[in-house]
$ cat structure.pdb   # PDB, C-alpha atoms, pLDDT in the B column
ATOM      1  CA  MET M  56       0.000   0.000   0.000  1.00 69.00           C
ATOM      2  CA  MET M  57       1.651   3.167  -1.202  1.00 93.00           C
ATOM      3  CA  ILE M  58       2.264   6.370   0.667  1.00 97.00           C
ATOM      4  CA  LYS M  59       4.264   9.373  -0.470  1.00 98.00           C
ATOM      5  CA  ILE M  60       6.863  10.974   1.789  1.00 98.00           C
ATOM      6  CA  LEU M  61       8.056  14.555   1.244  1.00 98.00           C
ATOM      7  CA  PHE M  62      11.416  15.839   2.500  1.00 98.00           C
ATOM      8  CA  PHE M  63      12.399  19.456   3.080  1.00 97.00           C
ATOM      9  CA  ALA M  64      15.423  21.525   4.095  1.00 96.00           C
ATOM     10  CA  ARG M  65      18.118  19.529   5.903  1.00 94.00           C
ATOM     11  CA  LEU M  66      16.259  16.233   5.470  1.00 96.00           C
ATOM     12  CA  GLN M  67      16.063  16.703   1.711  1.00 96.00           C
ATOM     13  CA  GLU M  68      19.832  17.183   1.608  1.00 95.00           C
ATOM     14  CA  GLU M  69      20.458  14.223   3.886  1.00 95.00           C
ATOM     15  CA  ILE M  70      18.439  11.785   1.818  1.00 96.00           C
ATOM     16  CA  GLY M  71      19.317  13.381  -1.521  1.00 96.00           C
ATOM     17  CA  LYS M  72      15.785  13.597  -2.909  1.00 97.00           C
ATOM     18  CA  ASP M  73      12.585  15.511  -2.288  1.00 97.00           C
ATOM     19  CA  SER M  74      10.173  12.594  -2.132  1.00 98.00           C
ATOM     20  CA  LEU M  75       9.872   8.851  -1.817  1.00 97.00           C
ATOM     21  CA  ASN M  76       6.992   6.489  -2.636  1.00 97.00           C
ATOM     22  CA  ILE M  77       6.925   3.445  -0.386  1.00 96.00           C
ATOM     23  CA  GLU M  78       4.611   0.616   0.578  1.00 95.00           C
ATOM     24  CA  LYS M  79       4.275   1.419   4.241  1.00 91.00           C
ATOM     25  CA  ALA M  80       0.613   2.234   4.785  1.00 92.00           C
ATOM     26  CA  GLY M  81      -0.523   0.823   8.118  1.00 94.00           C
ATOM     27  CA  LEU M  82       2.456   2.153  10.035  1.00 96.00           C
ATOM     28  CA  THR M  83       2.085   5.023  12.455  1.00 97.00           C
ATOM     29  CA  VAL M  84       3.914   8.285  11.826  1.00 97.00           C
ATOM     30  CA  ASN M  85       6.421   7.381  14.549  1.00 97.00           C
ATOM     31  CA  GLN M  86       7.000   3.919  13.095  1.00 97.00           C
ATOM     32  CA  LEU M  87       7.598   5.461   9.689  1.00 97.00           C
ATOM     33  CA  LYS M  88      10.194   7.823  11.173  1.00 97.00           C
ATOM     34  CA  GLN M  89      11.976   4.894  12.820  1.00 97.00           C
ATOM     35  CA  TRP M  90      11.952   3.001   9.513  1.00 97.00           C
ATOM     36  CA  LEU M  91      13.419   6.011   7.665  1.00 97.00           C
ATOM     37  CA  GLU M  92      16.173   6.363  10.250  1.00 96.00           C
ATOM     38  CA  LYS M  93      17.055   2.703   9.963  1.00 96.00           C
ATOM     39  CA  GLU M  94      16.711   2.209   6.206  1.00 95.00           C
ATOM     40  CA  HIS M  95      17.710   5.616   4.870  1.00 95.00           C
ATOM     41  CA  GLY M  96      20.129   6.897   7.480  1.00 94.00           C
ATOM     42  CA  LEU M  97      18.146  10.000   8.381  1.00 95.00           C
ATOM     43  CA  HIS M  98      18.709  11.179  11.923  1.00 90.00           C
ATOM     44  CA  SER M  99      16.889  13.080  14.680  1.00 88.00           C
ATOM     45  CA  LEU M 100      13.487  12.344  13.182  1.00 94.00           C
ATOM     46  CA  ASP M 101      12.034  12.071  16.675  1.00 87.00           C
ATOM     47  CA  GLN M 102      12.619  15.839  16.777  1.00 83.00           C
ATOM     48  CA  THR M 103      10.948  16.421  13.428  1.00 92.00           C
ATOM     49  CA  MET M 104       7.273  17.216  13.012  1.00 95.00           C
ATOM     50  CA  ALA M 105       5.144  15.464  10.448  1.00 97.00           C
ATOM     51  CA  ALA M 106       2.116  16.479   8.438  1.00 98.00           C
ATOM     52  CA  VAL M 107      -0.293  14.057   6.836  1.00 98.00           C
ATOM     53  CA  ASN M 108      -2.133  15.448   3.818  1.00 98.00           C
ATOM     54  CA  GLU M 109      -1.061  18.986   4.774  1.00 97.00           C
ATOM     55  CA  ASP M 110      -2.206  18.895   8.402  1.00 96.00           C
ATOM     56  CA  TYR M 111       0.155  18.529  11.354  1.00 96.00           C
ATOM     57  CA  ALA M 112      -0.098  14.963  12.614  1.00 97.00           C
ATOM     58  CA  ASP M 113       0.478  13.201  15.890  1.00 95.00           C
ATOM     59  CA  GLY M 114       3.093  10.433  16.004  1.00 96.00           C
ATOM     60  CA  SER M 115       0.392   7.859  16.655  1.00 97.00           C
ATOM     61  CA  GLU M 116      -1.570   8.658  13.485  1.00 97.00           C
ATOM     62  CA  VAL M 117      -1.889   5.566  11.283  1.00 97.00           C
ATOM     63  CA  LEU M 118      -0.984   6.060   7.637  1.00 97.00           C
ATOM     64  CA  LYS M 119      -3.466   5.057   4.972  1.00 97.00           C
ATOM     65  CA  GLU M 120      -3.125   4.137   1.330  1.00 97.00           C
ATOM     66  CA  GLY M 121      -2.585   7.272  -0.742  1.00 97.00           C
ATOM     67  CA  ASP M 122      -1.538   9.508   2.167  1.00 98.00           C
ATOM     68  CA  THR M 123       1.149  12.135   1.652  1.00 98.00           C
ATOM     69  CA  VAL M 124       3.422  12.448   4.675  1.00 98.00           C
ATOM     70  CA  ALA M 125       5.654  15.514   4.947  1.00 98.00           C
ATOM     71  CA  LEU M 126       8.560  15.529   7.377  1.00 97.00           C
ATOM     72  CA  ILE M 127       8.798  19.053   8.718  1.00 95.00           C
ATOM     73  CA  PRO M 128      11.972  20.192  10.457  1.00 93.00           C
ATOM     74  CA  PRO M 129      11.602  23.236  12.738  1.00 92.00           C
ATOM     75  CA  VAL M 130      10.330  26.048  10.547  1.00 94.00           C
ATOM     76  CA  SER M 131      12.228  29.303  10.022  1.00 94.00           C
ATOM     77  CA  GLY M 132      10.168  31.519   7.746  1.00 94.00           C
ATOM     78  CA  GLY M 133       9.600  35.224   8.146  1.00 93.00           C
TER      79      GLY M 133
ATOM     80  CA  MET G 224     -12.381  42.831  -4.178  1.00 44.00           C
ATOM     81  CA  ASN G 225      -9.013  41.756  -5.436  1.00 45.00           C
ATOM     82  CA  LYS G 226      -8.972  38.476  -7.313  1.00 59.00           C
ATOM     83  CA  GLU G 227      -5.396  37.694  -6.314  1.00 77.00           C
ATOM     84  CA  LYS G 228      -4.749  35.257  -3.503  1.00 94.00           C
ATOM     85  CA  ARG G 229      -4.529  36.949  -0.118  1.00 98.00           C
ATOM     86  CA  PHE G 230      -2.221  34.205   1.204  1.00 98.00           C
ATOM     87  CA  GLU G 231       0.549  33.405  -1.149  1.00 98.00           C
ATOM     88  CA  VAL G 232       3.949  31.748  -1.353  1.00 98.00           C
ATOM     89  CA  THR G 233       5.809  32.841  -4.466  1.00 98.00           C
ATOM     90  CA  ASP G 234       9.261  32.604  -5.991  1.00 98.00           C
ATOM     91  CA  HIS G 235       8.921  36.081  -7.486  1.00 98.00           C
ATOM     92  CA  PRO G 236       9.887  39.396  -5.849  1.00 98.00           C
ATOM     93  CA  ILE G 237       7.037  40.712  -3.682  1.00 98.00           C
ATOM     94  CA  SER G 238       5.190  43.895  -4.582  1.00 98.00           C
ATOM     95  CA  THR G 239       4.426  45.523  -1.244  1.00 98.00           C
ATOM     96  CA  GLU G 240       1.876  47.779  -2.908  1.00 98.00           C
ATOM     97  CA  SER G 241      -0.105  44.829  -4.255  1.00 98.00           C
ATOM     98  CA  VAL G 242      -0.233  43.195  -0.808  1.00 98.00           C
ATOM     99  CA  ILE G 243      -1.541  46.452   0.662  1.00 98.00           C
ATOM    100  CA  GLN G 244      -4.153  46.749  -2.064  1.00 98.00           C
ATOM    101  CA  LYS G 245      -5.599  43.369  -1.138  1.00 98.00           C
ATOM    102  CA  VAL G 246      -6.675  44.689   2.296  1.00 98.00           C
ATOM    103  CA  THR G 247      -7.607  48.223   1.330  1.00 98.00           C
ATOM    104  CA  ARG G 248     -11.338  48.863   1.919  1.00 98.00           C
ATOM    105  CA  ARG G 249     -13.613  51.756   2.685  1.00 98.00           C
ATOM    106  CA  GLU G 250     -14.334  50.785   6.295  1.00 97.00           C
ATOM    107  CA  CYS G 251     -10.695  50.746   7.370  1.00 97.00           C
ATOM    108  CA  GLY G 252      -8.931  53.720   8.895  1.00 98.00           C
ATOM    109  CA  ALA G 253      -5.597  51.958   9.330  1.00 98.00           C
ATOM    110  CA  ILE G 254      -3.337  49.671   7.349  1.00 98.00           C
ATOM    111  CA  THR G 255      -0.146  48.359   8.895  1.00 98.00           C
ATOM    112  CA  THR G 256       2.503  46.776   6.700  1.00 98.00           C
ATOM    113  CA  PHE G 257       5.338  44.600   7.951  1.00 98.00           C
ATOM    114  CA  ILE G 258       8.207  43.838   5.581  1.00 98.00           C
ATOM    115  CA  GLY G 259      10.641  41.150   6.698  1.00 98.00           C
ATOM    116  CA  THR G 260      13.930  41.756   4.896  1.00 98.00           C
ATOM    117  CA  VAL G 261      17.187  39.855   4.539  1.00 97.00           C
ATOM    118  CA  ARG G 262      19.644  41.058   7.181  1.00 96.00           C
ATOM    119  CA  GLU G 263      23.356  41.194   6.396  1.00 96.00           C
ATOM    120  CA  PHE G 264      24.749  40.783   9.922  1.00 95.00           C
ATOM    121  CA  THR G 265      23.494  38.476  12.672  1.00 90.00           C
ATOM    122  CA  ASP G 266      25.513  38.602  15.885  1.00 89.00           C
ATOM    123  CA  GLY G 267      28.472  39.866  13.883  1.00 91.00           C
ATOM    124  CA  LYS G 268      28.299  37.086  11.323  1.00 93.00           C
ATOM    125  CA  ARG G 269      27.908  38.199   7.741  1.00 96.00           C
ATOM    126  CA  THR G 270      25.161  36.686   5.595  1.00 96.00           C
ATOM    127  CA  LEU G 271      25.880  36.667   1.862  1.00 97.00           C
ATOM    128  CA  ARG G 272      22.415  35.555   0.764  1.00 96.00           C
ATOM    129  CA  LEU G 273      19.506  33.387   1.882  1.00 97.00           C
ATOM    130  CA  GLU G 274      17.540  30.601   0.345  1.00 98.00           C
ATOM    131  CA  TYR G 275      13.946  29.958   1.392  1.00 98.00           C
ATOM    132  CA  GLN G 276      12.219  26.665   0.712  1.00 98.00           C
ATOM    133  CA  ALA G 277       8.514  26.035   1.331  1.00 98.00           C
ATOM    134  CA  TYR G 278       5.996  23.239   1.348  1.00 98.00           C
ATOM    135  CA  LYS G 279       3.979  25.619  -0.773  1.00 98.00           C
ATOM    136  CA  ASP G 280       0.443  24.247  -0.618  1.00 97.00           C
ATOM    137  CA  MET G 281       0.565  23.561   3.108  1.00 98.00           C
ATOM    138  CA  ALA G 282       2.265  26.902   3.764  1.00 98.00           C
ATOM    139  CA  GLU G 283      -0.538  28.795   2.022  1.00 98.00           C
ATOM    140  CA  LYS G 284      -3.064  26.741   3.972  1.00 98.00           C
ATOM    141  CA  MET G 285      -1.314  27.615   7.262  1.00 98.00           C
ATOM    142  CA  LEU G 286      -1.285  31.312   6.311  1.00 98.00           C
ATOM    143  CA  GLU G 287      -5.053  31.045   5.842  1.00 98.00           C
ATOM    144  CA  GLN G 288      -5.311  29.342   9.217  1.00 98.00           C
ATOM    145  CA  ILE G 289      -3.433  32.231  10.824  1.00 98.00           C
ATOM    146  CA  ASP G 290      -5.923  34.609   9.196  1.00 98.00           C
ATOM    147  CA  LYS G 291      -8.774  32.603  10.751  1.00 98.00           C
ATOM    148  CA  GLU G 292      -7.117  33.018  14.151  1.00 98.00           C
ATOM    149  CA  VAL G 293      -6.844  36.746  13.490  1.00 98.00           C
ATOM    150  CA  GLN G 294     -10.539  36.901  12.603  1.00 98.00           C
ATOM    151  CA  GLU G 295     -11.385  35.299  15.930  1.00 98.00           C
ATOM    152  CA  LYS G 296      -9.215  37.671  17.932  1.00 98.00           C
ATOM    153  CA  TRP G 297      -9.853  40.829  15.924  1.00 98.00           C
ATOM    154  CA  PRO G 298     -13.124  40.428  13.968  1.00 98.00           C
ATOM    155  CA  ASN G 299     -12.657  43.717  12.105  1.00 97.00           C
ATOM    156  CA  ALA G 300      -9.160  42.969  10.840  1.00 98.00           C
ATOM    157  CA  MET G 301      -8.386  41.818   7.305  1.00 98.00           C
ATOM    158  CA  SER G 302      -4.966  40.446   6.384  1.00 98.00           C
ATOM    159  CA  ALA G 303      -2.918  39.600   3.311  1.00 98.00           C
ATOM    160  CA  ILE G 304       0.383  37.746   3.497  1.00 98.00           C
ATOM    161  CA  THR G 305       2.951  36.966   0.811  1.00 98.00           C
ATOM    162  CA  HIS G 306       6.115  34.982   1.518  1.00 98.00           C
ATOM    163  CA  ARG G 307       8.894  34.587  -1.004  1.00 98.00           C
ATOM    164  CA  THR G 308      10.969  31.490  -1.728  1.00 98.00           C
ATOM    165  CA  GLY G 309      14.177  30.876  -3.649  1.00 98.00           C
ATOM    166  CA  THR G 310      17.411  32.837  -3.422  1.00 98.00           C
ATOM    167  CA  LEU G 311      17.209  36.269  -1.776  1.00 98.00           C
ATOM    168  CA  GLU G 312      19.878  38.941  -1.606  1.00 98.00           C
ATOM    169  CA  ILE G 313      20.547  41.338   1.284  1.00 98.00           C
ATOM    170  CA  SER G 314      17.619  43.754   1.818  1.00 98.00           C
ATOM    171  CA  ASP G 315      15.219  41.751  -0.349  1.00 98.00           C
ATOM    172  CA  ALA G 316      11.731  41.327   1.132  1.00 98.00           C
ATOM    173  CA  ALA G 317      11.160  37.768   2.347  1.00 98.00           C
ATOM    174  CA  VAL G 318       7.675  38.389   3.699  1.00 98.00           C
ATOM    175  CA  VAL G 319       5.109  41.175   3.469  1.00 98.00           C
ATOM    176  CA  ILE G 320       2.123  41.287   5.820  1.00 98.00           C
ATOM    177  CA  ALA G 321      -0.613  43.902   5.465  1.00 98.00           C
ATOM    178  CA  VAL G 322      -3.478  44.265   7.933  1.00 98.00           C
ATOM    179  CA  SER G 323      -6.348  46.697   7.664  1.00 98.00           C
ATOM    180  CA  SER G 324      -8.829  47.560  10.395  1.00 98.00           C
ATOM    181  CA  PRO G 325     -11.161  50.412  11.321  1.00 98.00           C
ATOM    182  CA  HIS G 326      -8.712  51.625  14.023  1.00 98.00           C
ATOM    183  CA  ARG G 327      -4.923  51.497  14.234  1.00 98.00           C
ATOM    184  CA  LYS G 328      -4.403  49.484  17.432  1.00 98.00           C
ATOM    185  CA  THR G 329      -5.952  46.360  15.939  1.00 98.00           C
ATOM    186  CA  ALA G 330      -3.918  46.698  12.750  1.00 98.00           C
ATOM    187  CA  TYR G 331      -0.660  46.896  14.729  1.00 98.00           C
ATOM    188  CA  GLU G 332      -1.508  44.042  17.086  1.00 98.00           C
ATOM    189  CA  ALA G 333      -2.812  41.661  14.446  1.00 98.00           C
ATOM    190  CA  ASN G 334       0.188  42.294  12.226  1.00 98.00           C
ATOM    191  CA  GLU G 335       2.640  41.366  14.987  1.00 98.00           C
ATOM    192  CA  TYR G 336       0.593  38.306  15.864  1.00 98.00           C
ATOM    193  CA  ILE G 337       0.802  37.117  12.261  1.00 98.00           C
ATOM    194  CA  ILE G 338       4.611  37.253  11.979  1.00 97.00           C
ATOM    195  CA  GLU G 339       4.979  35.409  15.294  1.00 96.00           C
ATOM    196  CA  ARG G 340       2.643  32.650  14.096  1.00 96.00           C
ATOM    197  CA  ILE G 341       4.434  32.374  10.740  1.00 96.00           C
ATOM    198  CA  LYS G 342       7.599  31.573  12.658  1.00 94.00           C
ATOM    199  CA  GLN G 343       5.750  28.844  14.571  1.00 93.00           C
ATOM    200  CA  ILE G 344       3.567  26.935  12.150  1.00 95.00           C
ATOM    201  CA  VAL G 345       4.176  27.798   8.501  1.00 97.00           C
ATOM    202  CA  PRO G 346       6.337  25.175   6.726  1.00 97.00           C
ATOM    203  CA  ILE G 347       8.975  27.481   5.282  1.00 97.00           C
ATOM    204  CA  TRP G 348      12.702  27.039   5.874  1.00 97.00           C
ATOM    205  CA  LYS G 349      15.606  29.426   5.620  1.00 96.00           C
ATOM    206  CA  LYS G 350      19.112  28.458   4.580  1.00 96.00           C
ATOM    207  CA  GLU G 351      21.860  30.920   5.454  1.00 95.00           C
ATOM    208  CA  TYR G 352      24.927  31.279   3.245  1.00 96.00           C
ATOM    209  CA  TRP G 353      27.998  32.779   4.940  1.00 95.00           C
ATOM    210  CA  ASP G 354      31.616  33.298   3.804  1.00 92.00           C
ATOM    211  CA  ASP G 355      32.550  30.038   5.474  1.00 91.00           C
ATOM    212  CA  GLY G 356      29.595  27.757   4.847  1.00 94.00           C
ATOM    213  CA  SER G 357      25.863  27.363   4.976  1.00 94.00           C
ATOM    214  CA  ALA G 358      23.164  25.877   7.198  1.00 94.00           C
ATOM    215  CA  TRP G 359      19.445  25.390   7.385  1.00 93.00           C
ATOM    216  CA  ILE G 360      18.167  27.475  10.287  1.00 91.00           C
ATOM    217  CA  GLY G 361      15.872  26.027  12.919  1.00 80.00           C
ATOM    218  CA  ASP G 362      16.014  24.730  16.423  1.00 56.00           C
ATOM    219  CA  GLN G 363      16.864  21.137  15.697  1.00 41.00           C
ATOM    220  CA  LEU G 364      16.553  20.271  19.372  1.00 40.00           C
ATOM    221  CA  GLU G 365      12.916  21.237  19.569  1.00 40.00           C
ATOM    222  CA  LYS G 366      11.221  18.177  20.969  1.00 36.00           C
ATOM    223  CA  THR G 367       7.727  19.303  21.777  1.00 40.00           C
ATOM    224  CA  PRO G 368       5.015  18.115  19.414  1.00 41.00           C
ATOM    225  CA  TYR G 369       2.626  20.679  17.971  1.00 45.00           C
ATOM    226  CA  PRO G 370      -0.795  19.850  19.443  1.00 40.00           C
ATOM    227  CA  GLU G 371      -3.517  21.338  17.249  1.00 44.00           C
ATOM    228  CA  GLY G 372      -0.807  22.485  14.890  1.00 44.00           C
ATOM    229  CA  ASN G 373       0.503  24.962  17.444  1.00 47.00           C
ATOM    230  CA  PRO G 374       4.221  24.607  18.058  1.00 47.00           C
ATOM    231  CA  PRO G 375       5.597  26.143  21.224  1.00 42.00           C
ATOM    232  CA  LYS G 376       6.203  29.858  21.157  1.00 41.00           C
ATOM    233  CA  GLY G 377       9.664  31.286  20.675  1.00 41.00           C
ATOM    234  CA  ALA G 378      11.216  28.278  18.919  1.00 41.00           C
ATOM    235  CA  ASN G 379      12.467  30.395  16.045  1.00 44.00           C
ATOM    236  CA  ASP G 380      12.528  33.918  17.368  1.00 45.00           C
ATOM    237  CA  ASP G 381      14.551  35.484  14.612  1.00 51.00           C
TER     238      ASP G 381
END
$ encode --input "structure.pdb" --output "structure tokens"
Amino acid sequence: MMIKILFFARLQEEIGKDSLNIEKAGLTVNQLKQWLEKEHGLHSLDQTMAAVNEDYADGSEVLKEGDTVALIPPVSGG
Amino acid sequence: MNKEKRFEVTDHPISTESVIQKVTRRECGAITTFIGTVREFTDGKRTLRLEYQAYKDMAEKMLEQIDKEVQEKWPNAMSAITHRTGTLEISDAAVVIAVSSPHRKTAYEANEYIIERIKQIVPIWKKEYWDDGSAWIGDQLEKTPYPEGNPPKGANDD
């Protein structure tokens, strides 16, 4: 079951791409972060916010088929 | 009414005048405009240029959410916000916020509220380029989740 993951700022540079499509629906946001740390070498994701379909999400939110998950490092606009 | 979007993330230079026009209306007696510009020196360290990156669709949605908060706090205020992305040079405008209201106090207060909230919840990131390197700015040690999409205050007070 596919979900799309979006990377920004430092995370985009760390992983070397701006998005990833993976078959990980059914995981929680926190489980997805742990998987990304383990499989893709990203770090400090426990300190990174996530949004699911453009709304900030809790770590316990379960990902569904077709969801877009954005990993959001601390923002610094303005 | 202006047909342009009142809440916009763009990679083009911002026209301050056009942002102001979006909130100009007959019932307002005050319009405050905040222009956030690229600063050359921060604590003695020289910035050469900045790069802003945004999660554009969500960022525009969060700007609209901030406007909803403003409407609740100051029902007579109307806001327009444009944030720029891409490479910016010193003194370029990164963000322009215009607020109109019948009286000036509301326009001042709501405008300050908006820039504080942008720094808390709008998914836009700044990369600083110095003589000796570059870095994405942000408190990477921030551990507190954002309940209701409200990150803790003061995390990026820049």
$ residues_around --input "structure.pdb" --residues "His326 in chain G" --least-positions-apart "6" --cutoff "9 Å" --atoms "all atoms listed in the file" --output "list of chain:residue names"
G:Cys251, G:Gly252, G:Ala253, G:Ile254
$ residues_around --input "structure.pdb" --residues "range 229-244 of chain G" --least-positions-apart "2" --cutoff "10 Å" --atoms "only C-alpha atoms" --output "CSV table (one decimal) with C-alpha atoms, in the frame of the given file"
chain,number,residue,atom,x,y,z
G,224,MET,CA,-12.4,42.8,-4.2
G,225,ASN,CA,-9.0,41.8,-5.4
G,226,LYS,CA,-9.0,38.5,-7.3
G,227,GLU,CA,-5.4,37.7,-6.3
G,246,VAL,CA,-6.7,44.7,2.3
G,247,THR,CA,-7.6,48.2,1.3
G,248,ARG,CA,-11.3,48.9,1.9
G,254,ILE,CA,-3.3,49.7,7.3
G,255,THR,CA,-0.1,48.4,8.9
G,256,THR,CA,2.5,46.8,6.7
G,257,PHE,CA,5.3,44.6,8.0
G,258,ILE,CA,8.2,43.8,5.6
G,275,TYR,CA,13.9,30.0,1.4
G,276,GLN,CA,12.2,26.7,0.7
G,277,ALA,CA,8.5,26.0,1.3
G,278,TYR,CA,6.0,23.2,1.3
G,279,LYS,CA,4.0,25.6,-0.8
G,280,ASP,CA,0.4,24.2,-0.6
G,281,MET,CA,0.6,23.6,3.1
G,282,ALA,CA,2.3,26.9,3.8
G,283,GLU,CA,-0.5,28.8,2.0
G,284,LYS,CA,-3.1,26.7,4.0
G,285,MET,CA,-1.3,27.6,7.3
G,286,LEU,CA,-1.3,31.3,6.3
G,287,GLU,CA,-5.1,31.0,5.8
G,288,GLN,CA,-5.3,29.3,9.2
G,289,ILE,CA,-3.4,32.2,10.8
G,290,ASP,CA,-5.9,34.6,9.2
G,301,MET,CA,-8.4,41.8,7.3
G,302,SER,CA,-5.0,40.4,6.4
G,303,ALA,CA,-2.9,39.6,3.3
G,304,ILE,CA,0.4,37.7,3.5
G,305,THR,CA,3.0,37.0,0.8
G,306,HIS,CA,6.1,35.0,1.5
G,307,ARG,CA,8.9,34.6,-1.0
G,308,THR,CA,11.0,31.5,-1.7
G,309,GLY,CA,14.2,30.9,-3.6
G,310,THR,CA,17.4,32.8,-3.4
G,311,LEU,CA,17.2,36.3,-1.8
G,315,ASP,CA,15.2,41.8,-0.3
G,316,ALA,CA,11.7,41.3,1.1
G,317,ALA,CA,11.2,37.8,2.3
G,318,VAL,CA,7.7,38.4,3.7
G,319,VAL,CA,5.1,41.2,3.5
G,320,ILE,CA,2.1,41.3,5.8
G,321,ALA,CA,-0.6,43.9,5.5
G,322,VAL,CA,-3.5,44.3,7.9
G,323,SER,CA,-6.3,46.7,7.7
G,347,ILE,CA,9.0,27.5,5.3
$ closest_residue --input "structure.pdb" --among "G:Glu339, G:Val345, G:Asp354, G:Gly361" --to "Glu109 in chain M" --atoms "all atoms listed in the file"
G:Val345
$ interface_residues --input "structure.pdb" --of "chain M" --to "chain G" --cutoff "6 Å" --atoms "all atoms listed in the file" --output "list in words"
Gln102, Glu109, Tyr111, Pro129, Val130, Ser131, Gly132 and Gly133 of chain M
$ write_last_selection --input "structure.pdb" --atoms "C-alpha atoms" --output "short mmCIF file (atom, residue, chain, number, x, y, z; two decimals), keeping the file's coordinate frame"
data_model
loop_
_atom_site.label_atom_id
_atom_site.label_comp_id
_atom_site.auth_asym_id
_atom_site.auth_seq_id
_atom_site.Cartn_x
_atom_site.Cartn_y
_atom_site.Cartn_z
CA GLN M 102 12.62 15.84 16.78
CA GLU M 109 -1.06 18.99 4.77
CA TYR M 111 0.16 18.53 11.35
CA PRO M 129 11.60 23.24 12.74
CA VAL M 130 10.33 26.05 10.55
CA SER M 131 12.23 29.30 10.02
CA GLY M 132 10.17 31.52 7.75
CA GLY M 133 9.60 35.22 8.15
#
$ atom_distance --input "structure.pdb" --atom1 "CA of Glu312 in chain G" --atom2 "CA of Tyr331 in chain G"
27.4 Å
$ closest_residue --input "structure.pdb" --among "M:Ala64, M:Leu91, M:Gly96, M:Met104" --to "Lys79 in chain M" --atoms "only C-alpha atoms"
M:Leu91
$ resolve_selection --input "structure.pdb" --expression "the PyMOL selection byres ((chain M and resi 116-122) around 6)" --output "ChimeraX atom specification"
/M:56-58,80-84,113-115,123
$ atom_distance --input "structure.pdb" --atom1 "CA of Ser99 in chain M" --atom2 "CA of Glu274 in chain G"
22.6 Å
$ resolve_selection --input "structure.pdb" --expression "the PyMOL selection byres ((chain G and resi 352) around 9)" --output "VMD selection string"
chain G and resid 269 to 274 350 to 351 353 to 358
$ write_last_selection --input "structure.pdb" --atoms "C-alpha atoms" --output "PDB file, in the frame of the given file"
ATOM      1  CA  ARG G 269      27.908  38.199   7.741  1.00 96.00           C
ATOM      2  CA  THR G 270      25.161  36.686   5.595  1.00 96.00           C
ATOM      3  CA  LEU G 271      25.880  36.667   1.862  1.00 97.00           C
ATOM      4  CA  ARG G 272      22.415  35.555   0.764  1.00 96.00           C
ATOM      5  CA  LEU G 273      19.506  33.387   1.882  1.00 97.00           C
ATOM      6  CA  GLU G 274      17.540  30.601   0.345  1.00 98.00           C
ATOM      7  CA  LYS G 350      19.112  28.458   4.580  1.00 96.00           C
ATOM      8  CA  GLU G 351      21.860  30.920   5.454  1.00 95.00           C
ATOM      9  CA  TRP G 353      27.998  32.779   4.940  1.00 95.00           C
ATOM     10  CA  ASP G 354      31.616  33.298   3.804  1.00 92.00           C
ATOM     11  CA  ASP G 355      32.550  30.038   5.474  1.00 91.00           C
ATOM     12  CA  GLY G 356      29.595  27.757   4.847  1.00 94.00           C
ATOM     13  CA  SER G 357      25.863  27.363   4.976  1.00 94.00           C
ATOM     14  CA  ALA G 358      23.164  25.877   7.198  1.00 94.00           C
TER      15      ALA G 358
END
$ closest_residue --input "structure.pdb" --among "G:Lys228, G:Tyr336, G:Glu250, G:Phe264" --to "Asn299 in chain G" --atoms "only C-alpha atoms"
G:Glu250
$ atom_distance --input "structure.pdb" --atom1 "CA of Ile127 in chain M" --atom2 "CA of Asp110 in chain M"
11.0 Å
$ residues_around --input "structure.pdb" --residues "His98 in chain M" --least-positions-apart "3" --cutoff "9 Å" --atoms "all atoms listed in the file" --output "NGL selection string"
:M and (66 or 69 or 91-93 or 101)
$ closest_residue --input "structure.pdb" --among "G:Arg249, G:Gly267, G:Val293, G:Pro298" --to "Glu335 in chain G" --atoms "all atoms listed in the file"
G:Val293
$ decode --input "structure.pdb" --residues "range 95-101 of chain M" --atoms "N, CA, C and O atoms" --output "PDB file, in the first residue's frame"
ATOM      1  N   HIS M  95      17.201   4.540   5.716  1.00  0.00           N
ATOM      2  CA  HIS M  95      17.710   5.616   4.870  1.00  0.00           C
ATOM      3  C   HIS M  95      18.705   6.527   5.575  1.00  0.00           C
ATOM      4  O   HIS M  95      19.109   7.553   5.021  1.00  0.00           O
ATOM      5  N   GLY M  96      19.061   6.168   6.798  1.00  0.00           N
ATOM      6  CA  GLY M  96      20.129   6.897   7.480  1.00  0.00           C
ATOM      7  C   GLY M  96      19.787   8.314   7.899  1.00  0.00           C
ATOM      8  O   GLY M  96      20.682   9.096   8.224  1.00  0.00           O
ATOM      9  N   LEU M  97      18.510   8.667   7.880  1.00  0.00           N
ATOM     10  CA  LEU M  97      18.146  10.000   8.381  1.00  0.00           C
ATOM     11  C   LEU M  97      18.307  10.003   9.900  1.00  0.00           C
ATOM     12  O   LEU M  97      18.187   8.962  10.545  1.00  0.00           O
ATOM     13  N   HIS M  98      18.591  11.162  10.464  1.00  0.00           N
ATOM     14  CA  HIS M  98      18.709  11.179  11.923  1.00  0.00           C
ATOM     15  C   HIS M  98      17.877  12.286  12.560  1.00  0.00           C
ATOM     16  O   HIS M  98      17.446  13.212  11.887  1.00  0.00           O
ATOM     17  N   SER M  99      17.657  12.116  13.866  1.00  0.00           N
ATOM     18  CA  SER M  99      16.889  13.080  14.680  1.00  0.00           C
ATOM     19  C   SER M  99      15.444  13.250  14.211  1.00  0.00           C
ATOM     20  O   SER M  99      14.855  14.312  14.374  1.00  0.00           O
ATOM     21  N   LEU M 100      14.874  12.214  13.634  1.00  0.00           N
ATOM     22  CA  LEU M 100      13.487  12.344  13.182  1.00  0.00           C
ATOM     23  C   LEU M 100      12.499  12.407  14.339  1.00  0.00           C
ATOM     24  O   LEU M 100      11.371  12.874  14.175  1.00  0.00           O
ATOM     25  N   ASP M 101      12.925  11.941  15.516  1.00  0.00           N
ATOM     26  CA  ASP M 101      12.034  12.071  16.675  1.00  0.00           C
ATOM     27  C   ASP M 101      11.854  13.544  17.043  1.00  0.00           C
ATOM     28  O   ASP M 101      10.934  13.901  17.768  1.00  0.00           O
TER      29      ASP M 101
END
